[in-house]
$ cat entry-v3.cif   # mmCIF, C-alpha atoms
data_coords
loop_
_atom_site.group_PDB
_atom_site.id
_atom_site.type_symbol
_atom_site.label_atom_id
_atom_site.label_comp_id
_atom_site.auth_asym_id
_atom_site.auth_seq_id
_atom_site.Cartn_x
_atom_site.Cartn_y
_atom_site.Cartn_z
ATOM 1 C CA GLY A 3 69.797 -11.296 90.631
ATOM 2 C CA GLN A 4 71.904 -13.383 88.318
ATOM 3 C CA ASN A 5 75.625 -13.814 87.756
ATOM 4 C CA ILE A 6 76.710 -15.280 84.443
ATOM 5 C CA ASP A 7 80.357 -16.034 83.746
ATOM 6 C CA GLN A 8 81.946 -17.115 80.517
ATOM 7 C CA PRO A 9 85.480 -16.694 79.183
ATOM 8 C CA THR A 10 86.088 -13.452 77.362
ATOM 9 C CA GLU A 11 88.073 -14.866 74.473
ATOM 10 C CA MET A 12 89.087 -18.229 73.017
ATOM 11 C CA THR A 13 91.134 -19.317 70.033
ATOM 12 C CA ALA A 14 90.815 -22.651 68.247
ATOM 13 C CA THR A 15 92.042 -24.232 65.047
ATOM 14 C CA GLU A 16 89.960 -24.916 61.962
ATOM 15 C CA GLY A 17 88.674 -28.501 62.011
ATOM 16 C CA ALA A 18 89.105 -28.860 65.768
ATOM 17 C CA ILE A 19 86.578 -29.036 68.598
ATOM 18 C CA VAL A 20 86.054 -26.208 71.083
ATOM 19 C CA GLN A 21 84.050 -26.071 74.296
ATOM 20 C CA ILE A 22 82.751 -22.749 75.602
ATOM 21 C CA ASN A 23 81.752 -22.836 79.248
ATOM 22 C CA CYS A 24 79.128 -20.801 81.057
ATOM 23 C CA THR A 25 78.478 -20.787 84.797
ATOM 24 C CA TYR A 26 75.589 -19.042 86.422
ATOM 25 C CA GLN A 27 74.057 -18.310 89.789
ATOM 26 C CA THR A 28 70.318 -17.797 90.013
ATOM 27 C CA SER A 29 67.561 -18.572 92.473
ATOM 28 C CA GLY A 30 64.829 -19.473 89.990
ATOM 29 C CA PHE A 31 66.481 -21.122 86.990
ATOM 30 C CA ASN A 32 64.102 -21.764 84.100
ATOM 31 C CA GLY A 33 66.233 -22.349 81.038
ATOM 32 C CA LEU A 34 69.490 -21.459 79.327
ATOM 33 C CA PHE A 35 70.031 -20.159 75.804
ATOM 34 C CA TRP A 36 73.065 -19.946 73.553
ATOM 35 C CA TYR A 37 73.298 -17.353 70.798
ATOM 36 C CA GLN A 38 75.901 -16.688 68.125
ATOM 37 C CA GLN A 39 76.781 -13.105 67.249
ATOM 38 C CA HIS A 40 79.093 -12.175 64.391
ATOM 39 C CA ALA A 41 80.864 -8.840 64.733
ATOM 40 C CA GLY A 42 78.525 -5.948 64.024
ATOM 41 C CA GLU A 43 75.533 -8.197 63.548
ATOM 42 C CA ALA A 44 72.544 -9.288 65.589
ATOM 43 C CA PRO A 45 72.634 -12.440 67.749
ATOM 44 C CA THR A 46 71.090 -15.574 66.298
ATOM 45 C CA PHE A 47 69.555 -18.311 68.411
ATOM 46 C CA LEU A 48 71.534 -21.555 68.627
ATOM 47 C CA SER A 49 70.118 -23.715 71.394
ATOM 48 C CA TYR A 50 67.965 -23.966 74.489
ATOM 49 C CA ASN A 51 68.379 -26.249 77.518
ATOM 50 C CA VAL A 52 65.998 -26.525 80.425
ATOM 51 C CA LEU A 53 66.673 -30.108 81.558
ATOM 52 C CA ASP A 54 70.031 -31.675 82.385
ATOM 53 C CA GLY A 55 71.887 -33.279 79.550
ATOM 54 C CA LEU A 56 73.117 -32.761 76.063
ATOM 55 C CA GLU A 57 71.186 -31.235 73.154
ATOM 56 C CA GLU A 58 72.744 -31.835 69.752
ATOM 57 C CA LYS A 59 72.154 -29.827 66.598
ATOM 58 C CA GLY A 60 74.511 -30.733 63.818
ATOM 59 C CA ARG A 61 78.002 -29.467 64.595
ATOM 60 C CA PHE A 62 76.758 -27.656 67.709
ATOM 61 C CA SER A 63 75.817 -29.256 71.028
ATOM 62 C CA SER A 64 74.826 -27.670 74.317
ATOM 63 C CA PHE A 65 75.032 -29.273 77.748
ATOM 64 C CA LEU A 66 73.368 -28.307 81.006
ATOM 65 C CA SER A 67 73.884 -29.301 84.631
ATOM 66 C CA ARG A 68 71.386 -27.489 86.825
ATOM 67 C CA SER A 69 72.878 -28.750 90.085
ATOM 68 C CA LYS A 70 76.253 -27.293 89.129
ATOM 69 C CA GLY A 71 74.924 -24.110 87.526
ATOM 70 C CA TYR A 72 76.929 -25.000 84.453
ATOM 71 C CA SER A 73 76.495 -25.200 80.719
ATOM 72 C CA TYR A 74 78.774 -25.559 77.756
ATOM 73 C CA LEU A 75 78.493 -25.094 74.025
ATOM 74 C CA LEU A 76 80.480 -27.578 71.978
ATOM 75 C CA LEU A 77 81.439 -26.760 68.423
ATOM 76 C CA LYS A 78 82.812 -29.581 66.280
ATOM 77 C CA GLU A 79 84.659 -29.504 62.961
ATOM 78 C CA LEU A 80 85.326 -25.822 63.375
ATOM 79 C CA GLN A 81 85.047 -23.630 60.311
ATOM 80 C CA MET A 82 86.408 -20.139 59.775
ATOM 81 C CA LYS A 83 82.842 -18.813 59.697
ATOM 82 C CA ASP A 84 82.402 -19.962 63.306
ATOM 83 C CA SER A 85 84.537 -16.999 64.388
ATOM 84 C CA ALA A 86 82.025 -14.998 66.400
ATOM 85 C CA SER A 87 80.926 -14.192 69.920
ATOM 86 C CA TYR A 88 78.868 -16.805 71.731
ATOM 87 C CA LEU A 89 76.390 -15.508 74.280
ATOM 88 C CA CYS A 90 75.055 -17.503 77.189
ATOM 89 C CA ALA A 91 71.689 -16.306 78.506
ATOM 90 C CA VAL A 92 69.800 -17.545 81.551
ATOM 91 C CA ARG A 93 66.078 -17.333 82.186
ATOM 92 C CA ASP A 94 65.088 -16.832 85.770
ATOM 93 C CA VAL A 95 61.630 -16.948 87.330
ATOM 94 C CA THR A 96 61.359 -15.082 90.604
ATOM 95 C CA GLY A 97 58.025 -14.156 92.152
ATOM 96 C CA GLY A 98 56.217 -15.268 88.999
ATOM 97 C CA TYR A 99 58.217 -12.817 86.926
ATOM 98 C CA GLN A 100 60.393 -14.144 84.102
ATOM 99 C CA LYS A 101 63.593 -12.480 83.041
ATOM 100 C CA VAL A 102 66.375 -13.408 80.635
ATOM 101 C CA THR A 103 69.882 -12.168 81.413
ATOM 102 C CA PHE A 104 72.733 -12.335 78.923
ATOM 103 C CA GLY A 105 76.386 -12.906 79.676
ATOM 104 C CA ILE A 106 79.038 -10.702 78.115
ATOM 105 C CA GLY A 107 79.831 -13.354 75.525
ATOM 106 C CA THR A 108 82.884 -15.362 74.517
ATOM 107 C CA LYS A 109 84.718 -14.140 71.452
ATOM 108 C CA LEU A 110 85.920 -17.172 69.518
ATOM 109 C CA GLN A 111 88.614 -16.826 66.898
ATOM 110 C CA VAL A 112 89.103 -19.740 64.531
ATOM 111 C CA ILE A 113 92.546 -19.836 62.958
ATOM 112 C CA PRO A 114 93.739 -21.872 59.954
ATOM 113 C CA SER B 18 57.909 -16.825 57.717
ATOM 114 C CA GLN B 19 58.530 -14.180 60.303
ATOM 115 C CA THR B 20 60.865 -11.266 59.695
ATOM 116 C CA ILE B 21 61.904 -8.328 61.812
ATOM 117 C CA HIS B 22 62.946 -4.981 60.416
ATOM 118 C CA GLN B 23 64.875 -2.376 62.327
ATOM 119 C CA TRP B 24 66.136 0.943 61.083
ATOM 120 C CA PRO B 25 68.332 2.833 60.633
ATOM 121 C CA ALA B 26 71.414 0.596 60.685
ATOM 122 C CA THR B 27 73.712 3.389 61.856
ATOM 123 C CA LEU B 28 73.041 6.771 63.368
ATOM 124 C CA VAL B 29 75.224 9.634 64.575
ATOM 125 C CA GLN B 30 73.424 12.164 66.714
ATOM 126 C CA PRO B 31 74.588 15.178 68.744
ATOM 127 C CA VAL B 32 74.136 15.326 72.484
ATOM 128 C CA GLY B 33 70.755 16.774 73.387
ATOM 129 C CA SER B 34 69.061 15.775 70.158
ATOM 130 C CA PRO B 35 65.973 13.509 70.057
ATOM 131 C CA LEU B 36 65.975 9.873 69.016
ATOM 132 C CA SER B 37 63.470 7.599 67.352
ATOM 133 C CA LEU B 38 64.283 4.028 66.374
ATOM 134 C CA GLU B 39 61.615 1.902 64.774
ATOM 135 C CA CYS B 40 61.125 -1.829 64.658
ATOM 136 C CA THR B 41 58.436 -3.823 62.865
ATOM 137 C CA VAL B 42 57.705 -7.532 62.767
ATOM 138 C CA GLU B 43 56.031 -9.375 59.921
ATOM 139 C CA GLY B 44 54.456 -12.799 59.730
ATOM 140 C CA THR B 45 53.228 -13.155 63.288
ATOM 141 C CA SER B 46 50.509 -11.744 65.501
ATOM 142 C CA ASN B 47 50.749 -10.475 69.059
ATOM 143 C CA PRO B 48 54.518 -10.986 69.400
ATOM 144 C CA ASN B 49 56.396 -10.161 72.552
ATOM 145 C CA LEU B 50 58.737 -7.308 71.660
ATOM 146 C CA TYR B 51 61.995 -6.234 73.249
ATOM 147 C CA TRP B 52 64.555 -3.443 73.054
ATOM 148 C CA TYR B 53 68.099 -4.327 74.090
ATOM 149 C CA ARG B 54 71.281 -2.275 74.242
ATOM 150 C CA GLN B 55 74.751 -3.718 73.858
ATOM 151 C CA ALA B 56 77.569 -1.427 74.954
ATOM 152 C CA ALA B 57 81.198 -2.181 74.190
ATOM 153 C CA GLY B 58 82.496 -4.893 76.506
ATOM 154 C CA ARG B 59 79.118 -5.460 78.109
ATOM 155 C CA GLY B 60 76.372 -7.990 77.702
ATOM 156 C CA LEU B 61 72.999 -7.395 76.140
ATOM 157 C CA GLN B 62 70.966 -5.269 78.496
ATOM 158 C CA LEU B 63 67.183 -5.439 78.310
ATOM 159 C CA LEU B 64 65.725 -1.932 78.193
ATOM 160 C CA PHE B 65 62.021 -2.484 77.523
ATOM 161 C CA TYR B 66 59.630 -5.258 76.698
ATOM 162 C CA SER B 67 56.030 -5.327 75.570
ATOM 163 C CA VAL B 68 53.419 -8.084 75.641
ATOM 164 C CA GLY B 69 50.785 -6.118 73.724
ATOM 165 C CA ILE B 70 49.704 -2.793 72.231
ATOM 166 C CA GLY B 71 50.290 0.028 74.674
ATOM 167 C CA GLN B 72 51.836 -2.296 77.253
ATOM 168 C CA ILE B 73 55.425 -1.347 78.030
ATOM 169 C CA SER B 74 57.607 -2.571 80.861
ATOM 170 C CA SER B 75 60.861 -0.831 81.650
ATOM 171 C CA GLU B 76 63.784 -2.795 83.013
ATOM 172 C CA VAL B 77 66.151 -0.004 83.933
ATOM 173 C CA PRO B 78 65.645 3.676 84.703
ATOM 174 C CA GLN B 79 67.171 5.718 81.941
ATOM 175 C CA ASN B 80 66.940 8.486 79.429
ATOM 176 C CA LEU B 81 64.883 6.417 76.994
ATOM 177 C CA SER B 82 61.245 5.501 76.494
ATOM 178 C CA ALA B 83 59.397 2.984 74.348
ATOM 179 C CA SER B 84 55.996 2.809 72.726
ATOM 180 C CA ARG B 85 53.967 0.183 70.899
ATOM 181 C CA PRO B 86 51.339 1.996 68.832
ATOM 182 C CA GLN B 87 50.487 -1.094 66.756
ATOM 183 C CA ASP B 88 50.672 -4.839 67.350
ATOM 184 C CA ARG B 89 53.850 -5.318 65.326
ATOM 185 C CA GLN B 90 55.522 -1.950 65.806
ATOM 186 C CA PHE B 91 57.898 -1.028 68.603
ATOM 187 C CA ILE B 92 59.563 2.363 68.913
ATOM 188 C CA LEU B 93 62.478 3.470 71.071
ATOM 189 C CA SER B 94 62.708 7.195 71.779
ATOM 190 C CA SER B 95 64.583 9.828 73.662
ATOM 191 C CA LYS B 96 63.889 13.521 74.033
ATOM 192 C CA LYS B 97 67.519 14.445 74.701
ATOM 193 C CA LEU B 98 70.378 12.063 73.994
ATOM 194 C CA LEU B 99 73.342 11.703 76.341
ATOM 195 C CA LEU B 100 76.837 10.561 75.440
ATOM 196 C CA SER B 101 76.215 7.443 77.510
ATOM 197 C CA ASP B 102 73.342 6.475 75.195
ATOM 198 C CA SER B 103 75.838 5.376 72.545
ATOM 199 C CA GLY B 104 75.676 1.677 71.806
ATOM 200 C CA PHE B 105 74.243 -1.060 69.654
ATOM 201 C CA TYR B 106 70.452 -1.166 69.958
ATOM 202 C CA LEU B 107 68.661 -4.360 69.113
ATOM 203 C CA CYS B 108 64.973 -5.010 68.693
ATOM 204 C CA ALA B 109 63.775 -8.581 69.161
ATOM 205 C CA TRP B 110 60.588 -10.593 69.228
ATOM 206 C CA SER B 111 59.482 -13.912 70.669
ATOM 207 C CA VAL B 112 56.394 -16.071 70.552
ATOM 208 C CA GLN B 113 56.078 -16.332 74.304
ATOM 209 C CA LEU B 114 57.532 -14.029 76.906
ATOM 210 C CA ASN B 115 61.207 -14.779 77.372
ATOM 211 C CA THR B 116 61.432 -17.775 75.067
ATOM 212 C CA GLU B 117 64.079 -17.744 72.338
ATOM 213 C CA ALA B 118 64.287 -14.309 70.817
ATOM 214 C CA PHE B 119 64.783 -13.336 67.189
ATOM 215 C CA PHE B 120 66.735 -10.169 66.704
ATOM 216 C CA GLY B 121 66.641 -7.362 64.171
ATOM 217 C CA GLN B 122 69.801 -6.218 62.453
ATOM 218 C CA GLY B 123 70.502 -3.610 65.116
ATOM 219 C CA THR B 124 71.173 0.125 65.103
ATOM 220 C CA ARG B 125 74.620 1.394 65.969
ATOM 221 C CA LEU B 126 74.061 4.740 67.666
ATOM 222 C CA THR B 127 76.915 7.149 68.283
ATOM 223 C CA VAL B 128 76.164 10.232 70.306
ATOM 224 C CA VAL B 129 78.731 12.968 69.733
#
$ encode --input "entry-v3.cif" --output "structure tokens"
Amino acid sequence: GQNIDQPTEMTATEGAIVQINCTYQTSGFNGLFWYQQHAGEAPTFLSYNVLDGLEEKGRFSSFLSRSKGYSYLLLKELQMKDSASYLCAVRDVTGGYQKVTFGIGTKLQVIP
Amino acid sequence: SQTIHQWPATLVQPVGSPLSLECTVEGTSNPNLYWYRQAAGRGLQLLFYSVGIGQISSEVPQNLSASRPQDRQFILSSKKLLLSDSGFYLCAWSVQLNTEAFFGQGTRLTVV
């Protein structure tokens, strides 16, 4: 099985930088996803990491360390519209069977 | 471009009543299709996935069933709803099994 941990809530100031951490435990790691979900809406795909290192996409970056079972999502130049939940999801391959498991999500509140 | 439609957006149903939620995808052929449920304070839970017409895999035993009568149509059903079936139901599709998923707008189901 998989265990995915991420903080439940975070607060950050508009214009600042925030880092949302995700740790996981899995026997057959095969990729990690980050999604953004605004309240009452569907999740939208942000990033995908399968190799160690940093993937940058505009104001958003995602980092992965497979040896540490650790990822983070970095949001720069925070805007009020970034207030949302951020979901970490891990893909696991066990016995040739792929499965994606989502964490509970981190609710980020951006304040003026 | 690809789009995914899911309806209805909200639904209030009495305990013991049947359920039918429909999802359709446009702009792609042979998508992988998924039904997820998101309960309050919990992560996205995969209920069913399908790699082709008539092919349904169930992730968790439950009061629900799924069907895929056409390539781009995925239906979630129940014969008798339970209170515990309340939640936010999301349909999603992906190009390959368990790659990044694209979600429909979701159906908020309240069983009373």
$ atom_distance --input "entry-v3.cif" --atom1 "CA of Ala41 (chain A)" --atom2 "CA of Arg54 (chain B)"
15.0 Å
$ axis_aligned_box --input "entry-v3.cif" --around "region 83-87 of chain A" --padding-each-side "6 Å" --output "lines of an AutoDock Vina configuration file"
center_x = 82.7
center_y = -17.1
center_z = 64.8
size_x = 15.6
size_y = 17.8
size_z = 22.2
$ resolve_selection --input "entry-v3.cif" --expression "the PyMOL selection byres ((chain B and resi 81) around 9)" --output "list in words"
Leu36, Leu64, Pro78, Gln79, Asn80, Ser82, Ala83, Leu93, Ser94, Ser95, Lys96, Lys97, Leu98 and Asp102 of chain B
$ closest_atom_pairs --input "entry-v3.cif" --of "chain B" --to "chain A" --cutoff "8 Å" --atoms "only C-alpha atoms" --output "CSV"
residue,atom,partner,partner_atom,distance
B:Gly58,CA,A:Ile106,CA,6.9
B:Arg59,CA,A:Ile106,CA,5.2
B:Gly60,CA,A:Ile106,CA,3.8
B:Leu61,CA,A:Phe104,CA,5.7
B:Gln62,CA,A:Phe104,CA,7.3
B:Leu63,CA,A:Thr103,CA,7.9
B:Leu107,CA,A:Ala44,CA,7.2
B:Leu114,CA,A:Gln100,CA,7.7
B:Asn115,CA,A:Val102,CA,6.3
B:Glu117,CA,A:Phe47,CA,6.8
B:Ala118,CA,A:Phe47,CA,7.0
B:Phe119,CA,A:Thr46,CA,6.8
B:Phe120,CA,A:Ala44,CA,6.0
B:Gly121,CA,A:Ala44,CA,6.4
B:Gln122,CA,A:Ala44,CA,5.2
B:Gly123,CA,A:Ala44,CA,6.1
$ residues_around --input "entry-v3.cif" --residues "Leu38 (chain B)" --least-positions-apart "6" --cutoff "9 Å" --atoms "all atoms listed in the file" --output "list in words"
Gln23, Trp24, Pro25, Phe91, Ile92, Leu93, Ser94, Tyr106 and Thr124 of chain B
$ closest_residue --input "entry-v3.cif" --among "B:Thr41, B:Gln113, B:Gln30, B:Gln19" --to "Arg89 (chain B)" --atoms "all atoms listed in the file"
B:Thr41
$ atom_distance --input "entry-v3.cif" --atom1 "CA of Ala56 (chain B)" --atom2 "CA of Phe105 (chain B)"
6.3 Å
$ residues_around --input "entry-v3.cif" --residues "Asp84 (chain A)" --least-positions-apart "4" --cutoff "8 Å" --atoms "only C-alpha atoms" --output "list in words"
Leu80, Leu110, Gln111 and Val112 of chain A
$ residues_near_point --input "entry-v3.cif" --point "(77.8, -27.1, 77.4)" --cutoff "12 Å" --atoms "only C-alpha atoms" --output "ChimeraX atom specification"
/A:8,20-25,34-36,49-51,54-58,62-68,70-77,88,90
$ atom_distance --input "entry-v3.cif" --atom1 "CA of Gly33 (chain B)" --atom2 "CA of Ser101 (chain B)"
11.6 Å
$ residues_around --input "entry-v3.cif" --residues "Arg125 (chain B)" --least-positions-apart "4" --cutoff "8 Å" --atoms "all atoms listed in the file" --output "PyMOL selection string"
chain B and resi 26-28+103-106
$ resolve_selection --input "entry-v3.cif" --expression "the PyMOL selection byres ((chain B and resi 42-45) around 7)" --output "PDB file with C-alpha atoms, keeping the file's coordinate frame"
ATOM      1  CA  SER B  18      57.909 -16.825  57.717  1.00  0.00           C
ATOM      2  CA  GLN B  19      58.530 -14.180  60.303  1.00  0.00           C
ATOM      3  CA  THR B  20      60.865 -11.266  59.695  1.00  0.00           C
ATOM      4  CA  ILE B  21      61.904  -8.328  61.812  1.00  0.00           C
ATOM      5  CA  HIS B  22      62.946  -4.981  60.416  1.00  0.00           C
ATOM      6  CA  CYS B  40      61.125  -1.829  64.658  1.00  0.00           C
ATOM      7  CA  THR B  41      58.436  -3.823  62.865  1.00  0.00           C
ATOM      8  CA  SER B  46      50.509 -11.744  65.501  1.00  0.00           C
ATOM      9  CA  ASN B  47      50.749 -10.475  69.059  1.00  0.00           C
ATOM     10  CA  PRO B  48      54.518 -10.986  69.400  1.00  0.00           C
ATOM     11  CA  ARG B  89      53.850  -5.318  65.326  1.00  0.00           C
ATOM     12  CA  GLN B  90      55.522  -1.950  65.806  1.00  0.00           C
TER      13      GLN B  90
END
$ residues_near_point --input "entry-v3.cif" --point "(87.9, -27.4, 59.8)" --cutoff "6 Å" --atoms "only C-alpha atoms" --output "list of chain:residue names"
A:Glu16, A:Gly17, A:Glu79, A:Leu80, A:Gln81
$ closest_residue --input "entry-v3.cif" --among "B:Ile73, B:Val68, B:Cys108, B:Val29" --to "Trp52 (chain B)" --atoms "all atoms listed in the file"
B:Cys108
$ residues_around --input "entry-v3.cif" --residues "Asn5 (chain A)" --least-positions-apart "5" --cutoff "8 Å" --atoms "all atoms listed in the file" --output "number ranges by chain"
A: 26-28
$ write_last_selection --input "entry-v3.cif" --atoms "C-alpha atoms" --output "mmCIF file, in the coordinates of the input"
data_model
loop_
_atom_site.group_PDB
_atom_site.id
_atom_site.type_symbol
_atom_site.label_atom_id
_atom_site.label_comp_id
_atom_site.auth_asym_id
_atom_site.auth_seq_id
_atom_site.Cartn_x
_atom_site.Cartn_y
_atom_site.Cartn_z
ATOM 1 C CA TYR A 26 75.589 -19.042 86.422
ATOM 2 C CA GLN A 27 74.057 -18.310 89.789
ATOM 3 C CA THR A 28 70.318 -17.797 90.013
#
$ closest_residue --input "entry-v3.cif" --among "A:Ser85, A:Lys59, A:Pro9, A:Ala18" --to "Gln39 (chain A)" --atoms "all atoms listed in the file"
A:Ser85
$ build_atoms --input "entry-v3.cif" --residues "region 76-86 of chain A" --atoms "all heavy atoms" --output "PDB file, in the frame of the given file"
ATOM      1  N   LEU A  76      79.418 -26.823  72.640  1.00  0.00           N
ATOM      2  CA  LEU A  76      80.480 -27.578  71.978  1.00  0.00           C
ATOM      3  C   LEU A  76      80.358 -27.388  70.469  1.00  0.00           C
ATOM      4  O   LEU A  76      79.283 -27.630  69.902  1.00  0.00           O
ATOM      5  CB  LEU A  76      80.350 -29.065  72.332  1.00  0.00           C
ATOM      6  CG  LEU A  76      81.526 -29.969  71.986  1.00  0.00           C
ATOM      7  CD1 LEU A  76      82.697 -29.670  72.914  1.00  0.00           C
ATOM      8  CD2 LEU A  76      81.128 -31.429  72.102  1.00  0.00           C
ATOM      9  N   LEU A  77      81.430 -26.948  69.868  1.00  0.00           N
ATOM     10  CA  LEU A  77      81.439 -26.760  68.423  1.00  0.00           C
ATOM     11  C   LEU A  77      82.427 -27.754  67.815  1.00  0.00           C
ATOM     12  O   LEU A  77      83.615 -27.741  68.145  1.00  0.00           O
ATOM     13  CB  LEU A  77      81.872 -25.337  68.046  1.00  0.00           C
ATOM     14  CG  LEU A  77      80.908 -24.188  68.362  1.00  0.00           C
ATOM     15  CD1 LEU A  77      80.867 -23.872  69.847  1.00  0.00           C
ATOM     16  CD2 LEU A  77      81.287 -22.964  67.569  1.00  0.00           C
ATOM     17  N   LYS A  78      81.956 -28.578  66.922  1.00  0.00           N
ATOM     18  CA  LYS A  78      82.812 -29.581  66.280  1.00  0.00           C
ATOM     19  C   LYS A  78      83.163 -29.164  64.861  1.00  0.00           C
ATOM     20  O   LYS A  78      82.479 -28.331  64.254  1.00  0.00           O
ATOM     21  CB  LYS A  78      82.079 -30.925  66.229  1.00  0.00           C
ATOM     22  CG  LYS A  78      81.627 -31.459  67.573  1.00  0.00           C
ATOM     23  CD  LYS A  78      80.843 -32.755  67.398  1.00  0.00           C
ATOM     24  CE  LYS A  78      80.283 -33.247  68.717  1.00  0.00           C
ATOM     25  NZ  LYS A  78      79.431 -34.455  68.544  1.00  0.00           N
ATOM     26  N   GLU A  79      84.238 -29.752  64.358  1.00  0.00           N
ATOM     27  CA  GLU A  79      84.659 -29.504  62.961  1.00  0.00           C
ATOM     28  C   GLU A  79      84.626 -28.010  62.653  1.00  0.00           C
ATOM     29  O   GLU A  79      83.962 -27.551  61.724  1.00  0.00           O
ATOM     30  CB  GLU A  79      83.740 -30.261  61.987  1.00  0.00           C
ATOM     31  CG  GLU A  79      83.718 -31.761  62.217  1.00  0.00           C
ATOM     32  CD  GLU A  79      82.602 -32.446  61.419  1.00  0.00           C
ATOM     33  OE1 GLU A  79      82.059 -31.822  60.484  1.00  0.00           O
ATOM     34  OE2 GLU A  79      82.271 -33.600  61.752  1.00  0.00           O
ATOM     35  N   LEU A  80      85.368 -27.280  63.462  1.00  0.00           N
ATOM     36  CA  LEU A  80      85.326 -25.822  63.375  1.00  0.00           C
ATOM     37  C   LEU A  80      85.613 -25.318  61.960  1.00  0.00           C
ATOM     38  O   LEU A  80      86.499 -25.822  61.255  1.00  0.00           O
ATOM     39  CB  LEU A  80      86.342 -25.206  64.336  1.00  0.00           C
ATOM     40  CG  LEU A  80      85.910 -25.080  65.786  1.00  0.00           C
ATOM     41  CD1 LEU A  80      87.059 -24.608  66.641  1.00  0.00           C
ATOM     42  CD2 LEU A  80      84.721 -24.137  65.920  1.00  0.00           C
ATOM     43  N   GLN A  81      84.843 -24.293  61.592  1.00  0.00           N
ATOM     44  CA  GLN A  81      85.047 -23.630  60.311  1.00  0.00           C
ATOM     45  C   GLN A  81      85.374 -22.164  60.577  1.00  0.00           C
ATOM     46  O   GLN A  81      85.051 -21.618  61.642  1.00  0.00           O
ATOM     47  CB  GLN A  81      83.765 -23.747  59.463  1.00  0.00           C
ATOM     48  CG  GLN A  81      83.342 -25.187  59.197  1.00  0.00           C
ATOM     49  CD  GLN A  81      82.016 -25.293  58.460  1.00  0.00           C
ATOM     50  OE1 GLN A  81      81.470 -24.300  57.970  1.00  0.00           O
ATOM     51  NE2 GLN A  81      81.482 -26.507  58.377  1.00  0.00           N
ATOM     52  N   MET A  82      86.012 -21.545  59.604  1.00  0.00           N
ATOM     53  CA  MET A  82      86.408 -20.139  59.775  1.00  0.00           C
ATOM     54  C   MET A  82      85.188 -19.267  60.076  1.00  0.00           C
ATOM     55  O   MET A  82      85.276 -18.317  60.861  1.00  0.00           O
ATOM     56  CB  MET A  82      87.127 -19.637  58.530  1.00  0.00           C
ATOM     57  CG  MET A  82      88.418 -20.387  58.210  1.00  0.00           C
ATOM     58  SD  MET A  82      89.640 -20.283  59.527  1.00  0.00           S
ATOM     59  CE  MET A  82      90.092 -18.558  59.431  1.00  0.00           C
ATOM     60  N   LYS A  83      84.046 -19.619  59.491  1.00  0.00           N
ATOM     61  CA  LYS A  83      82.842 -18.813  59.697  1.00  0.00           C
ATOM     62  C   LYS A  83      82.286 -18.915  61.105  1.00  0.00           C
ATOM     63  O   LYS A  83      81.379 -18.163  61.477  1.00  0.00           O
ATOM     64  CB  LYS A  83      81.758 -19.235  58.698  1.00  0.00           C
ATOM     65  CG  LYS A  83      81.214 -20.643  58.949  1.00  0.00           C
ATOM     66  CD  LYS A  83      80.106 -20.971  57.967  1.00  0.00           C
ATOM     67  CE  LYS A  83      79.526 -22.363  58.246  1.00  0.00           C
ATOM     68  NZ  LYS A  83      78.430 -22.713  57.309  1.00  0.00           N
ATOM     69  N   ASP A  84      82.845 -19.847  61.913  1.00  0.00           N
ATOM     70  CA  ASP A  84      82.402 -19.962  63.306  1.00  0.00           C
ATOM     71  C   ASP A  84      83.036 -18.877  64.185  1.00  0.00           C
ATOM     72  O   ASP A  84      82.684 -18.765  65.374  1.00  0.00           O
ATOM     73  CB  ASP A  84      82.757 -21.345  63.860  1.00  0.00           C
ATOM     74  CG  ASP A  84      82.009 -22.462  63.135  1.00  0.00           C
ATOM     75  OD1 ASP A  84      80.881 -22.213  62.653  1.00  0.00           O
ATOM     76  OD2 ASP A  84      82.573 -23.581  63.048  1.00  0.00           O
ATOM     77  N   SER A  85      83.962 -18.117  63.633  1.00  0.00           N
ATOM     78  CA  SER A  85      84.537 -16.999  64.388  1.00  0.00           C
ATOM     79  C   SER A  85      83.434 -15.993  64.690  1.00  0.00           C
ATOM     80  O   SER A  85      82.853 -15.396  63.776  1.00  0.00           O
ATOM     81  CB  SER A  85      85.651 -16.323  63.582  1.00  0.00           C
ATOM     82  OG  SER A  85      86.754 -17.181  63.411  1.00  0.00           O
ATOM     83  N   ALA A  86      83.150 -15.831  65.974  1.00  0.00           N
ATOM     84  CA  ALA A  86      82.025 -14.998  66.400  1.00  0.00           C
ATOM     85  C   ALA A  86      82.041 -14.940  67.917  1.00  0.00           C
ATOM     86  O   ALA A  86      82.853 -15.614  68.567  1.00  0.00           O
ATOM     87  CB  ALA A  86      80.697 -15.594  65.920  1.00  0.00           C
TER      88      ALA A  86
END
